[in-house]
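**Student:** To start, I am sharing the structure in question, which I have written as structure tokens.
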Amino acid sequence: MKIATWNVNSLNVRLPHVLKWLEEHPVDVLCLQETKLTDDKFPLAALEAAGYQVAFSGQKTYNGVAILSKLPMTDVVRNNPRYDDAQQRILAATIAGVRIVCAYVPNGQAVGTDKYAYKLAWLQAFEQWLAEEIAANPNLAVLGDYNIAPDDRDVHDPAAWEGQVLVSEPERAALNGLLALGLTDSFRLFEQPEKTFSWWDYRMLGFQKNKGLRIDHILLSAPLVARCEACVVDRAPRKWEQPSDHAPVIATLA
DNA sequence: ATGGCTTTTAAAAAAAGA
């Protein structure tokens, strides 16, 4: 079973890339973030024609998440039932005995802003809800754009980024809180190339210079860690014409 | 040395992303 996550930065613009990528990488599950589409505008027919069942939860202009699955989905949940949030950032479904959570963690904008406070509050509520999810579903996979680089290894220039949003200590502590529930960053289960990132700024030739961050993650509970055979970032779509600023991350489960 | 883009909304800038 292959599961993947990709922040597409507008599914309206990126649908051709998603379809092309799925042809090359027919994963069983693909979690999308930043669809930026209301549900009435969701390109359901095109994704179904590609062989996927789809759950989606969107809004105008911002945010929006979707889960694409080759296998039936049950118990679909939108948003965190424990946190009243107008922003559409969470979708969960059970697929082949695995509880899949697709998450688009708030960006936070800058340390000290209201958006940063929202990010930390959101993450605290996320942790509380995931504690219930993992208790009810031992096979738990939490995929998405976390907007947090876990470690300085995940930052192209740690000195320049020190203390900034996406790497600040409170954000990393919040991520560690999720891990403390019994989740593991599947990427670090394996030997990885140095300076592997999942996001590169559109500006400043970020991708060409590999000035990126690893902020998209697949966290797995212990039973899924035992089944995990690989986790990779696929940089290829970042080279395509008019790309998302994020690259997909794929985990392989036995 | 700095900033250099992309998307949306909406009709020219401005916000937001990360």
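To be explicit about the labels: the chains of the structure tokens are called A, B, and onward in the order shown, and within each one the residues are counted from 1, while ligands get numbers from 1 in the order they are shown.
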Near Leu219 of chain A, within 12 Å and counting only C-alpha atoms (C1' of nucleotides), which residues show up once chain neighbours fewer than 5 positions away are dropped, as an NGL selection string?
**Tutor:** :A and (3-5 or 99-103 or 130 or 134 or 139-146 or 150 or 175-176 or 178-189 or 224-225 or 228 or 231 or 249-251)
**Student:** Write the selection just made, keeping C-alpha atoms, as a PDB file, in the first residue's frame?
**Tutor:**
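Final output, saved to result_25.pdb:
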ATOM      1  CA  ILE A   3       0.201   6.499   0.599  1.00  0.00           C
ATOM      2  CA  ALA A   4       1.202  10.018  -0.358  1.00  0.00           C
ATOM      3  CA  THR A   5       0.669  13.681   0.461  1.00  0.00           C
ATOM      4  CA  ARG A  99      -7.045   5.476   9.562  1.00  0.00           C
ATOM      5  CA  ILE A 100      -5.834   8.188   7.185  1.00  0.00           C
ATOM      6  CA  VAL A 101      -5.724  11.789   8.383  1.00  0.00           C
ATOM      7  CA  CYS A 102      -5.055  14.509   5.804  1.00  0.00           C
ATOM      8  CA  ALA A 103      -3.982  17.770   7.434  1.00  0.00           C
ATOM      9  CA  LEU A 130      -5.244  12.635  17.455  1.00  0.00           C
ATOM     10  CA  ILE A 134      -4.846   6.691  17.788  1.00  0.00           C
ATOM     11  CA  ASN A 139      -3.233   1.843  12.453  1.00  0.00           C
ATOM     12  CA  LEU A 140      -2.990   5.631  12.155  1.00  0.00           C
ATOM     13  CA  ALA A 141      -1.251   7.596   9.394  1.00  0.00           C
ATOM     14  CA  VAL A 142      -1.231  11.393   9.559  1.00  0.00           C
ATOM     15  CA  LEU A 143      -0.204  12.918   6.261  1.00  0.00           C
ATOM     16  CA  GLY A 144       0.031  16.513   5.253  1.00  0.00           C
ATOM     17  CA  ASP A 145       1.616  19.907   5.113  1.00  0.00           C
ATOM     18  CA  TYR A 146       2.703  20.524   8.695  1.00  0.00           C
ATOM     19  CA  PRO A 150      11.319  19.124  12.440  1.00  0.00           C
ATOM     20  CA  LEU A 175       5.207  18.669  16.420  1.00  0.00           C
ATOM     21  CA  ASN A 176       7.026  16.694  19.112  1.00  0.00           C
ATOM     22  CA  LEU A 178       2.198  14.786  18.073  1.00  0.00           C
ATOM     23  CA  LEU A 179       5.119  12.364  17.932  1.00  0.00           C
ATOM     24  CA  ALA A 180       4.751  11.737  21.663  1.00  0.00           C
ATOM     25  CA  LEU A 181       1.309  10.262  20.985  1.00  0.00           C
ATOM     26  CA  GLY A 182       3.147   7.344  19.414  1.00  0.00           C
ATOM     27  CA  LEU A 183       3.742   8.631  15.906  1.00  0.00           C
ATOM     28  CA  THR A 184       6.972   8.538  13.915  1.00  0.00           C
ATOM     29  CA  ASP A 185       8.243  10.679  11.043  1.00  0.00           C
ATOM     30  CA  SER A 186       8.446   7.922   8.439  1.00  0.00           C
ATOM     31  CA  PHE A 187      11.024   9.838   6.396  1.00  0.00           C
ATOM     32  CA  ARG A 188      13.627   9.395   9.147  1.00  0.00           C
ATOM     33  CA  LEU A 189      13.125   5.644   9.380  1.00  0.00           C
ATOM     34  CA  LEU A 224       2.432   1.041  10.540  1.00  0.00           C
ATOM     35  CA  VAL A 225       6.093   1.791  11.260  1.00  0.00           C
ATOM     36  CA  CYS A 228       6.854   0.820   6.424  1.00  0.00           C
ATOM     37  CA  CYS A 231       9.520   7.036   2.459  1.00  0.00           C
ATOM     38  CA  VAL A 249       5.946  12.649  -0.228  1.00  0.00           C
ATOM     39  CA  ILE A 250       5.276   8.914  -0.571  1.00  0.00           C
ATOM     40  CA  ALA A 251       5.398   6.134   2.018  1.00  0.00           C
TER      41      ALA A 251
END
**Student:** Please return, as a ChimeraX atom specification, all residues of chain B lying within 7 Å of chain A when only C-alpha atoms (C1' of nucleotides) are considered.
**Tutor:** /B:4-5,8,18
**Student:** Go ahead and write the residues just picked, C-alpha atoms (C1' of nucleotides), as a compact mmCIF listing (two decimals), in the first residue's frame.
**Tutor:**
# COMPACT_ATOMS: atom_id res chain seq x y z
C1' DG B 4 13.38 38.34 -7.71
C1' DC B 5 6.88 34.16 -7.45
C1' DT B 8 -7.06 34.52 -5.75
C1' DA B 18 6.14 29.68 3.56
**Student:** Which of segment 4-71 of chain A end up as alpha helix (DSSP H) when DSSP is run on this backbone - answer as a PyMOL selection string?
**Tutor:** chain A and resi 11-24+44-49
**Student:** Convert the current residue selection to file output with C-alpha atoms, as a short mmCIF file (atom, residue, chain, number, x, y, z; two decimals), in the first residue's frame.
**Tutor:**
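result.cif was written with the following content:
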data_model
loop_
_atom_site.label_atom_id
_atom_site.label_comp_id
_atom_site.auth_asym_id
_atom_site.auth_seq_id
_atom_site.Cartn_x
_atom_site.Cartn_y
_atom_site.Cartn_z
CA LEU A 11 -6.22 22.09 -7.49
CA ASN A 12 -7.84 24.19 -10.19
CA VAL A 13 -4.42 25.09 -11.57
CA ARG A 14 -2.68 21.84 -10.67
CA LEU A 15 -5.23 19.22 -11.76
CA PRO A 16 -3.20 18.31 -14.87
CA HIS A 17 -0.14 17.76 -12.68
CA VAL A 18 -2.09 15.61 -10.24
CA LEU A 19 -3.45 13.44 -13.05
CA LYS A 20 -0.05 13.13 -14.69
CA TRP A 21 1.61 12.30 -11.38
CA LEU A 22 -1.00 9.63 -10.56
CA GLU A 23 -0.38 7.99 -13.93
CA GLU A 24 3.30 7.74 -13.09
CA LEU A 44 -14.62 15.04 -9.01
CA ALA A 45 -15.32 13.49 -12.42
CA ALA A 46 -11.71 13.82 -13.63
CA LEU A 47 -10.33 12.17 -10.50
CA GLU A 48 -12.94 9.41 -10.55
CA ALA A 49 -12.08 8.77 -14.19
#
**Student:** Between atom CA of Asp84 of chain A and atom CA of Thr38 of chain A, measure the distance and give it in Å to one decimal.
**Tutor:**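 Taking atom CA of Asp84 of chain A as the start and atom CA of Thr38 of chain A as the end point, the length is 18.9 Å.
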